[in-house]
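File shown: target-v2.cif. Contents: mmCIF, C-alpha atoms.
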```cif
data_work
loop_
_atom_site.label_atom_id
_atom_site.label_comp_id
_atom_site.auth_asym_id
_atom_site.auth_seq_id
_atom_site.Cartn_x
_atom_site.Cartn_y
_atom_site.Cartn_z
CA GLY D 195 6.61 -7.33 14.03
CA GLN D 196 7.45 -3.95 12.59
CA GLN D 197 4.90 -1.24 13.26
CA LEU D 198 4.61 2.37 12.24
CA ASN D 199 3.00 4.99 14.43
CA GLN D 200 1.50 7.76 12.36
CA SER D 201 0.21 11.01 13.79
CA PRO D 202 -1.99 12.84 13.98
CA GLN D 203 -4.85 10.45 13.34
CA SER D 204 -6.93 13.21 11.77
CA MET D 205 -6.75 16.91 10.98
CA PHE D 206 -9.41 19.44 10.11
CA ILE D 207 -7.88 22.61 8.75
CA GLN D 208 -8.75 25.78 6.91
CA GLU D 209 -7.86 26.14 3.24
CA GLY D 210 -4.50 27.84 2.91
CA GLU D 211 -3.03 26.43 6.10
CA ASP D 212 0.09 24.29 6.19
CA VAL D 213 -0.12 20.69 7.38
CA SER D 214 2.44 18.44 8.98
CA MET D 215 2.20 14.74 9.75
CA ASN D 216 4.77 12.19 10.78
CA CYS D 217 5.58 8.54 11.19
CA THR D 218 7.84 6.84 13.67
CA SER D 219 9.03 3.29 13.97
CA SER D 220 10.90 1.22 16.50
CA SER D 221 12.94 -0.36 13.71
CA ILE D 222 14.80 1.06 10.74
CA PHE D 223 13.71 1.20 7.14
CA ASN D 224 15.76 1.98 4.09
CA THR D 225 12.89 3.41 2.07
CA TRP D 226 10.02 5.61 3.18
CA LEU D 227 7.04 6.20 0.95
CA TRP D 228 4.10 8.56 1.36
CA TYR D 229 0.77 7.73 -0.25
CA LYS D 230 -2.57 9.46 -0.52
CA GLN D 231 -5.79 7.48 -0.65
CA GLU D 232 -9.20 8.79 -1.62
CA PRO D 233 -12.43 6.90 -0.87
CA GLY D 234 -12.79 3.69 -2.85
CA GLU D 235 -9.44 4.03 -4.55
CA GLY D 236 -5.96 2.63 -4.23
CA PRO D 237 -3.04 4.42 -2.58
CA VAL D 238 -1.37 6.90 -4.92
CA LEU D 239 2.33 7.48 -4.45
CA LEU D 240 3.23 11.05 -3.49
CA ILE D 241 6.88 10.97 -2.50
CA ALA D 242 9.57 8.30 -2.16
CA LEU D 243 12.61 8.70 0.08
CA TYR D 244 15.65 6.46 -0.23
CA LYS D 245 18.39 7.96 1.93
CA ALA D 246 18.60 8.97 5.57
CA GLY D 247 18.37 12.74 5.85
CA GLU D 248 16.93 13.12 2.36
CA LEU D 249 14.49 15.98 1.88
CA THR D 250 12.30 15.73 -1.22
CA SER D 251 9.60 17.97 -2.61
CA ASN D 252 6.75 17.34 -5.00
CA GLY D 253 4.91 20.60 -5.63
CA ARG D 254 3.41 21.75 -2.35
CA LEU D 255 4.47 18.52 -0.64
CA THR D 256 7.76 18.07 1.18
CA ALA D 257 8.91 14.94 2.94
CA GLN D 258 12.02 14.02 4.87
CA PHE D 259 13.66 10.72 5.74
CA GLY D 260 14.86 10.92 9.33
CA ILE D 261 18.55 10.61 10.10
CA THR D 262 17.94 7.63 12.38
CA ARG D 263 16.00 5.88 9.57
CA LYS D 264 13.17 5.38 12.03
CA ASP D 265 10.99 8.32 11.14
CA SER D 266 9.68 10.52 8.37
CA PHE D 267 7.48 13.56 8.04
CA LEU D 268 5.27 14.98 5.32
CA ASN D 269 4.39 18.65 5.02
CA ILE D 270 1.71 20.12 2.79
CA SER D 271 1.89 23.85 2.26
CA ALA D 272 -1.03 26.14 1.44
CA SER D 273 -3.63 23.38 1.57
CA ILE D 274 -6.49 23.32 -0.93
CA PRO D 275 -9.80 21.41 -0.86
CA SER D 276 -8.52 18.66 -3.16
CA ASP D 277 -5.88 17.75 -0.56
CA VAL D 278 -8.68 15.97 1.32
CA GLY D 279 -7.98 12.29 1.80
CA ILE D 280 -6.09 9.81 3.92
CA TYR D 281 -2.32 10.06 3.92
CA PHE D 282 -0.32 6.93 4.66
CA CYS D 283 3.34 6.52 5.37
CA ALA D 284 4.92 3.21 4.48
CA GLY D 285 8.32 1.82 5.33
CA GLN D 286 10.26 -0.71 3.37
CA LEU D 287 13.31 -2.70 4.37
CA ARG D 288 14.88 -4.24 1.34
CA VAL D 289 18.21 -5.98 1.90
CA GLY D 290 20.40 -7.76 -0.60
CA GLY D 291 19.55 -11.16 -1.96
CA SER D 292 16.68 -12.47 -4.05
CA SER D 293 14.83 -13.70 -0.99
CA ASN D 294 14.18 -10.23 0.29
CA THR D 295 10.71 -9.09 -0.56
CA GLY D 296 10.49 -5.35 -0.03
CA LYS D 297 7.04 -5.57 1.53
CA LEU D 298 5.62 -2.29 2.76
CA ILE D 299 4.61 -1.71 6.35
CA PHE D 300 1.91 0.94 6.52
CA GLY D 301 1.03 3.46 9.18
CA GLN D 302 -2.53 3.89 10.37
CA GLY D 303 -3.09 6.94 8.20
CA THR D 304 -3.84 10.61 8.76
CA THR D 305 -7.27 11.75 7.62
CA LEU D 306 -7.11 15.30 6.31
CA GLN D 307 -10.16 17.48 5.88
CA VAL D 308 -9.86 20.98 4.42
CA LYS D 309 -12.51 23.60 4.96
CA PRO D 310 -12.83 26.01 2.02
CA GLU U 264 1.84 6.79 -17.85
CA PRO U 265 1.52 3.02 -17.30
CA GLU U 266 -0.84 1.93 -14.56
CA VAL U 267 -1.64 -1.16 -12.56
CA THR U 268 -5.12 -2.41 -13.39
CA GLN U 269 -7.36 -4.71 -11.38
CA THR U 270 -10.55 -6.62 -12.14
CA PRO U 271 -13.24 -6.82 -11.05
CA SER U 272 -13.67 -3.51 -9.25
CA HIS U 273 -16.32 -5.06 -7.01
CA GLN U 274 -17.16 -8.67 -6.20
CA VAL U 275 -19.93 -10.01 -4.02
CA THR U 276 -19.78 -13.68 -3.11
CA GLN U 277 -21.32 -16.18 -0.76
CA MET U 278 -19.30 -17.54 2.14
CA GLY U 279 -17.48 -20.70 1.11
CA GLN U 280 -17.24 -19.74 -2.55
CA GLU U 281 -13.98 -19.36 -4.44
CA VAL U 282 -12.97 -15.97 -5.82
CA ILE U 283 -10.17 -14.97 -8.15
CA LEU U 284 -8.95 -11.40 -8.17
CA ARG U 285 -6.98 -10.30 -11.18
CA CYS U 286 -4.25 -7.75 -11.67
CA VAL U 287 -2.22 -6.57 -14.64
CA PRO U 288 0.98 -5.02 -13.27
CA ILE U 289 3.13 -2.48 -15.08
CA SER U 290 5.03 -4.43 -17.71
CA ASN U 291 8.61 -3.77 -16.60
CA HIS U 292 7.99 -4.50 -12.93
CA LEU U 293 9.70 -7.47 -11.32
CA TYR U 294 8.22 -7.72 -7.84
CA PHE U 295 4.51 -8.14 -7.24
CA TYR U 296 2.43 -7.86 -4.12
CA TRP U 297 -1.05 -8.27 -2.79
CA TYR U 298 -2.28 -6.17 0.11
CA ARG U 299 -5.67 -5.89 1.73
CA GLN U 300 -7.44 -3.12 3.58
CA ILE U 301 -10.38 -3.82 5.83
CA LEU U 302 -12.80 -0.90 5.85
CA GLY U 303 -11.45 1.99 7.90
CA GLN U 304 -8.15 0.29 8.66
CA LYS U 305 -4.61 0.45 7.37
CA VAL U 306 -3.24 -1.40 4.38
CA GLU U 307 -1.83 -4.83 5.31
CA PHE U 308 0.70 -6.93 3.43
CA LEU U 309 -0.48 -10.35 2.24
CA VAL U 310 2.13 -11.78 -0.09
CA SER U 311 5.05 -10.92 -2.32
CA PHE U 312 5.96 -12.69 -5.54
CA TYR U 313 9.23 -12.62 -7.43
CA ASN U 314 10.70 -14.80 -10.14
CA ASN U 315 7.50 -16.83 -10.35
CA GLU U 316 7.39 -17.82 -6.73
CA ILE U 317 6.20 -16.52 -3.40
CA SER U 318 9.03 -14.73 -1.61
CA GLU U 319 7.17 -13.85 1.57
CA LYS U 320 3.69 -14.21 3.00
CA SER U 321 2.03 -12.81 6.06
CA GLU U 322 0.07 -14.65 8.74
CA ILE U 323 -3.11 -13.59 6.96
CA PHE U 324 -2.08 -15.52 3.85
CA ASP U 325 -3.11 -18.98 4.98
CA ASP U 326 -3.83 -22.14 2.99
CA GLN U 327 -7.03 -20.63 1.59
CA PHE U 328 -5.00 -18.11 -0.41
CA SER U 329 -2.87 -18.67 -3.47
CA VAL U 330 -1.22 -16.51 -6.10
CA GLU U 331 -0.24 -17.13 -9.69
CA ARG U 332 1.30 -15.33 -12.60
CA PRO U 333 0.04 -17.68 -15.27
CA ASP U 334 0.99 -15.88 -18.49
CA GLY U 335 3.63 -13.29 -17.72
CA SER U 336 1.17 -10.42 -17.58
CA ASN U 337 -1.69 -11.29 -15.24
CA PHE U 338 -1.15 -11.73 -11.52
CA THR U 339 -3.99 -13.40 -9.63
CA LEU U 340 -5.03 -13.89 -6.03
CA LYS U 341 -7.34 -16.81 -5.34
CA ILE U 342 -9.30 -17.35 -2.16
CA ARG U 343 -10.53 -20.94 -2.17
CA SER U 344 -13.30 -20.82 0.40
CA THR U 345 -14.18 -17.29 1.38
CA LYS U 346 -15.03 -16.31 4.94
CA LEU U 347 -16.95 -13.28 6.16
CA GLU U 348 -13.74 -11.77 7.48
CA ASP U 349 -12.22 -11.83 3.98
CA SER U 350 -14.42 -8.84 3.12
CA ALA U 351 -11.98 -6.04 2.31
CA MET U 352 -10.36 -4.03 -0.44
CA TYR U 353 -7.60 -6.04 -2.12
CA PHE U 354 -4.79 -4.13 -3.78
CA CYS U 355 -2.22 -5.39 -6.20
CA ALA U 356 1.12 -3.54 -6.33
CA GLY U 357 4.23 -3.76 -8.44
CA ASP U 358 7.80 -2.67 -8.06
CA GLY U 359 10.50 -2.28 -10.68
CA SER U 360 14.06 -1.25 -10.01
CA GLN U 361 13.23 1.99 -8.23
CA GLU U 362 12.10 0.39 -4.95
CA THR U 363 8.83 2.23 -5.33
CA GLN U 364 5.56 0.36 -5.27
CA TYR U 365 2.66 1.40 -7.44
CA PHE U 366 -0.81 0.27 -6.46
CA GLY U 367 -3.83 -0.69 -8.50
CA PRO U 368 -7.28 0.77 -7.83
CA GLY U 369 -8.33 -2.28 -5.83
CA THR U 370 -11.09 -4.87 -5.81
CA ARG U 371 -13.76 -4.47 -3.18
CA LEU U 372 -14.71 -7.97 -2.00
CA LEU U 373 -17.87 -8.50 -0.01
CA VAL U 374 -18.51 -11.94 1.45
CA LEU U 375 -22.10 -12.62 2.53
#
```
Would you mind writing the file's structure down as structure tokens?
Amino acid sequence: GQQLNQSPQSMFIQEGEDVSMNCTSSSIFNTWLWYKQEPGEGPVLLIALYKAGELTSNGRLTAQFGITRKDSFLNISASIPSDVGIYFCAGQLRVGGSSNTGKLIFGQGTTLQVKP
Amino acid sequence: EPEVTQTPSHQVTQMGQEVILRCVPISNHLYFYWYRQILGQKVEFLVSFYNNEISEKSEIFDDQFSVERPDGSNFTLKIRSTKLEDSAMYFCAGDGSQETQYFGPGTRLLVL
């Protein structure tokens, strides 16, 4: 089945540093989503990407939908302690027709720790 | 801002018992999903639900699982006879027209 490879698996950085993480897939998606999860909570949507090549920002976060539709990256600039958490990419392939479900395929997550 | 809510937040049950996990999706959403996350692992798709029927289910979603949307607001996941390996966080998610899924806070299920 479809699988996403997310890297790196974990990062330990100094406050103020920039962070980059990415996801790759062997198959295409037509939506990429980036979520952040904190312990004991549900994934919170950060950025949604709908078009190949699209570059979208949300505050200090920037994400891009790869041209091949098989990859995406997320950058966090000037990290702060509250950026700590697990970041997940998720791909969705929704095609026409009521039978299509739009299920999300998740990456393994990148655990980010920020040292003040 | 509307949110997806889930109850209970935690549930402890004995193996073989039935559990029902409840979700109230955002009111204008059309597609509904259940996912689970075993501790320390990634989020896995269980089932999707659209127009009052299951549209897709994963291999995990066997005959012990069922979903319902009994009253147009609640969306439930039932596990008929729980197994130890059903212990996980269960997330409900909803999707309107924006192709963007919003997740609830989850129910932590522990099967003893």
Exercise. Return as a ChimeraX atom specification the set of residues that the PyMOL selection byres ((chain D and resi 264) around 12) yields on the displayed structure.
Key: /D:196-200,216-226,245-247,258-263,265-267,283-287
Quiz prompt | Contact set, chain U to chain D: 8 Å, only C-alpha atoms, as a PyMOL selection string | solution = chain U and resi 294+296+304-308+311-313+318-319+354+362-369
Quiz item: Applied to this file, what does the PyMOL selection byres ((chain U and resi 277) around 6) return in terms of residues, put as a ChimeraX atom specification?
Solution: /U:276,278,280,374-375
Quiz prompt | Given only C-alpha atoms as the counted atoms, nearest of U:Gly303, U:Thr270, U:Ile323, U:Pro333 to Val282 in chain U | solution =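 The closest residue to Val282 in chain U is U:Thr270.
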Quiz item: Which residue, U:Asn314, U:Thr370, U:Gln269, U:Ser350, has the smallest gap to His292 in chain U when you use only C-alpha atoms?
Solution: U:Asn314
Practice problem: Please write as a PyMOL selection string the list of polymer residues whose atoms come within 6 Å of (-9.8, -6.1, -0.8), counting all atoms listed in the file and keeping to the coordinates of the file. | Solution: chain U and resi 299-300+351-353+370-372
Quiz item: Which is closest to Val330 in chain U among U:Gln274, U:Thr268, U:Ser290, U:Asn315, if we use all atoms listed in the file?
Solution: U:Asn315
Quiz item: What separation in Å, quoted to one decimal, exists between CA of Gln208 in chain D and CA of Leu306 in chain D?
Solution: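 CA of Gln208 in chain D sits 10.6 Å away from CA of Leu306 in chain D.
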Quiz item: Rounded to one decimal in Å, what is the spacing between CA of Gln203 in chain D and CA of Asn269 in chain D?
Solution: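 Taking CA of Gln203 in chain D and CA of Asn269 in chain D, their separation equals 14.9 Å.
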Practice problem: Could you tell me which residues the PyMOL selection byres ((chain U and resi 289) around 7) grabs in this file, written as a list of chain:residue names? | Solution: U:Pro265, U:Glu266, U:Val267, U:Val287, U:Pro288, U:Ser290, U:Asn291, U:His292, U:Gly357
Mind writing range 300-333 of chain U to a file for me, with N, CA and C atoms, as a PDB file, in the first residue's frame?
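Generated file (part37.pdb):
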```pdb
ATOM      1  N   GLN U 300      -3.895   5.341  16.803  1.00  0.00           N
ATOM      2  CA  GLN U 300      -2.459   5.540  16.954  1.00  0.00           C
ATOM      3  C   GLN U 300      -2.002   4.725  18.162  1.00  0.00           C
ATOM      4  N   ILE U 301      -1.308   3.657  17.881  1.00  0.00           N
ATOM      5  CA  ILE U 301      -0.688   2.883  18.954  1.00  0.00           C
ATOM      6  C   ILE U 301       0.451   3.718  19.515  1.00  0.00           C
ATOM      7  N   LEU U 302       0.677   3.609  20.819  1.00  0.00           N
ATOM      8  CA  LEU U 302       1.652   4.442  21.502  1.00  0.00           C
ATOM      9  C   LEU U 302       3.005   4.454  20.790  1.00  0.00           C
ATOM     10  N   GLY U 303       3.464   5.658  20.454  1.00  0.00           N
ATOM     11  CA  GLY U 303       4.778   5.802  19.846  1.00  0.00           C
ATOM     12  C   GLY U 303       4.818   5.547  18.356  1.00  0.00           C
ATOM     13  N   GLN U 304       3.664   5.260  17.767  1.00  0.00           N
ATOM     14  CA  GLN U 304       3.641   4.954  16.338  1.00  0.00           C
ATOM     15  C   GLN U 304       2.888   6.020  15.550  1.00  0.00           C
ATOM     16  N   LYS U 305       2.806   5.810  14.254  1.00  0.00           N
ATOM     17  CA  LYS U 305       2.125   6.796  13.415  1.00  0.00           C
ATOM     18  C   LYS U 305       0.610   6.600  13.477  1.00  0.00           C
ATOM     19  N   VAL U 306      -0.084   7.580  12.960  1.00  0.00           N
ATOM     20  CA  VAL U 306      -1.540   7.522  12.890  1.00  0.00           C
ATOM     21  C   VAL U 306      -1.944   6.624  11.720  1.00  0.00           C
ATOM     22  N   GLU U 307      -2.883   5.701  11.981  1.00  0.00           N
ATOM     23  CA  GLU U 307      -3.312   4.740  10.951  1.00  0.00           C
ATOM     24  C   GLU U 307      -4.804   4.898  10.665  1.00  0.00           C
ATOM     25  N   PHE U 308      -5.140   4.845   9.403  1.00  0.00           N
ATOM     26  CA  PHE U 308      -6.529   4.936   8.964  1.00  0.00           C
ATOM     27  C   PHE U 308      -7.293   3.668   9.339  1.00  0.00           C
ATOM     28  N   LEU U 309      -8.513   3.853   9.851  1.00  0.00           N
ATOM     29  CA  LEU U 309      -9.392   2.713  10.136  1.00  0.00           C
ATOM     30  C   LEU U 309     -10.546   2.639   9.140  1.00  0.00           C
ATOM     31  N   VAL U 310     -11.300   3.745   9.045  1.00  0.00           N
ATOM     32  CA  VAL U 310     -12.527   3.694   8.272  1.00  0.00           C
ATOM     33  C   VAL U 310     -12.944   5.107   7.873  1.00  0.00           C
ATOM     34  N   SER U 311     -13.581   5.200   6.718  1.00  0.00           N
ATOM     35  CA  SER U 311     -14.177   6.463   6.301  1.00  0.00           C
ATOM     36  C   SER U 311     -15.672   6.257   6.097  1.00  0.00           C
ATOM     37  N   PHE U 312     -16.416   7.327   6.251  1.00  0.00           N
ATOM     38  CA  PHE U 312     -17.878   7.254   6.295  1.00  0.00           C
ATOM     39  C   PHE U 312     -18.423   8.464   5.564  1.00  0.00           C
ATOM     40  N   TYR U 313     -19.279   8.207   4.595  1.00  0.00           N
ATOM     41  CA  TYR U 313     -19.850   9.304   3.807  1.00  0.00           C
ATOM     42  C   TYR U 313     -21.259   8.926   3.415  1.00  0.00           C
ATOM     43  N   ASN U 314     -22.160   9.876   3.499  1.00  0.00           N
ATOM     44  CA  ASN U 314     -23.543   9.640   3.073  1.00  0.00           C
ATOM     45  C   ASN U 314     -24.154   8.445   3.796  1.00  0.00           C
ATOM     46  N   ASN U 315     -23.845   8.371   5.076  1.00  0.00           N
ATOM     47  CA  ASN U 315     -24.399   7.349   5.970  1.00  0.00           C
ATOM     48  C   ASN U 315     -23.988   5.923   5.667  1.00  0.00           C
ATOM     49  N   GLU U 316     -22.831   5.786   5.015  1.00  0.00           N
ATOM     50  CA  GLU U 316     -22.323   4.435   4.839  1.00  0.00           C
ATOM     51  C   GLU U 316     -20.806   4.437   4.807  1.00  0.00           C
ATOM     52  N   ILE U 317     -20.238   3.275   5.084  1.00  0.00           N
ATOM     53  CA  ILE U 317     -18.790   3.142   5.030  1.00  0.00           C
ATOM     54  C   ILE U 317     -18.345   3.242   3.575  1.00  0.00           C
ATOM     55  N   SER U 318     -17.353   4.108   3.320  1.00  0.00           N
ATOM     56  CA  SER U 318     -16.833   4.227   1.966  1.00  0.00           C
ATOM     57  C   SER U 318     -15.511   3.489   1.792  1.00  0.00           C
ATOM     58  N   GLU U 319     -14.774   3.323   2.872  1.00  0.00           N
ATOM     59  CA  GLU U 319     -13.553   2.520   2.797  1.00  0.00           C
ATOM     60  C   GLU U 319     -13.167   2.084   4.207  1.00  0.00           C
ATOM     61  N   LYS U 320     -12.587   0.905   4.307  1.00  0.00           N
ATOM     62  CA  LYS U 320     -12.082   0.457   5.595  1.00  0.00           C
ATOM     63  C   LYS U 320     -10.729  -0.220   5.395  1.00  0.00           C
ATOM     64  N   SER U 321      -9.917  -0.139   6.408  1.00  0.00           N
ATOM     65  CA  SER U 321      -8.587  -0.730   6.330  1.00  0.00           C
ATOM     66  C   SER U 321      -8.648  -2.176   6.811  1.00  0.00           C
ATOM     67  N   GLU U 322      -7.510  -2.840   6.692  1.00  0.00           N
ATOM     68  CA  GLU U 322      -7.412  -4.233   7.160  1.00  0.00           C
ATOM     69  C   GLU U 322      -7.615  -4.332   8.669  1.00  0.00           C
ATOM     70  N   ILE U 323      -7.297  -3.250   9.372  1.00  0.00           N
ATOM     71  CA  ILE U 323      -7.462  -3.247  10.826  1.00  0.00           C
ATOM     72  C   ILE U 323      -8.948  -3.334  11.188  1.00  0.00           C
ATOM     73  N   PHE U 324      -9.765  -2.737  10.390  1.00  0.00           N
ATOM     74  CA  PHE U 324     -11.208  -2.605  10.659  1.00  0.00           C
ATOM     75  C   PHE U 324     -11.902  -3.913  10.313  1.00  0.00           C
ATOM     76  N   ASP U 325     -11.793  -4.882  11.230  1.00  0.00           N
ATOM     77  CA  ASP U 325     -12.392  -6.187  10.955  1.00  0.00           C
ATOM     78  C   ASP U 325     -13.817  -6.240  11.509  1.00  0.00           C
ATOM     79  N   ASP U 326     -14.361  -7.460  11.584  1.00  0.00           N
ATOM     80  CA  ASP U 326     -15.767  -7.621  11.964  1.00  0.00           C
ATOM     81  C   ASP U 326     -16.060  -7.174  13.394  1.00  0.00           C
ATOM     82  N   GLN U 327     -15.035  -6.975  14.191  1.00  0.00           N
ATOM     83  CA  GLN U 327     -15.252  -6.518  15.570  1.00  0.00           C
ATOM     84  C   GLN U 327     -15.557  -5.018  15.639  1.00  0.00           C
ATOM     85  N   PHE U 328     -15.298  -4.323  14.543  1.00  0.00           N
ATOM     86  CA  PHE U 328     -15.498  -2.874  14.519  1.00  0.00           C
ATOM     87  C   PHE U 328     -16.777  -2.524  13.753  1.00  0.00           C
ATOM     88  N   SER U 329     -17.419  -1.459  14.193  1.00  0.00           N
ATOM     89  CA  SER U 329     -18.532  -0.917  13.422  1.00  0.00           C
ATOM     90  C   SER U 329     -18.624   0.578  13.685  1.00  0.00           C
ATOM     91  N   VAL U 330     -19.215   1.292  12.751  1.00  0.00           N
ATOM     92  CA  VAL U 330     -19.412   2.729  12.900  1.00  0.00           C
ATOM     93  C   VAL U 330     -20.861   3.065  12.611  1.00  0.00           C
ATOM     94  N   GLU U 331     -21.287   4.167  13.247  1.00  0.00           N
ATOM     95  CA  GLU U 331     -22.661   4.631  13.048  1.00  0.00           C
ATOM     96  C   GLU U 331     -22.682   6.141  13.148  1.00  0.00           C
ATOM     97  N   ARG U 332     -23.669   6.716  12.472  1.00  0.00           N
ATOM     98  CA  ARG U 332     -23.962   8.129  12.679  1.00  0.00           C
ATOM     99  C   ARG U 332     -25.465   8.195  12.972  1.00  0.00           C
ATOM    100  N   PRO U 333     -25.821   7.866  14.195  1.00  0.00           N
ATOM    101  CA  PRO U 333     -27.224   7.571  14.489  1.00  0.00           C
ATOM    102  C   PRO U 333     -28.178   8.754  14.395  1.00  0.00           C
TER     103      PRO U 333
END
```
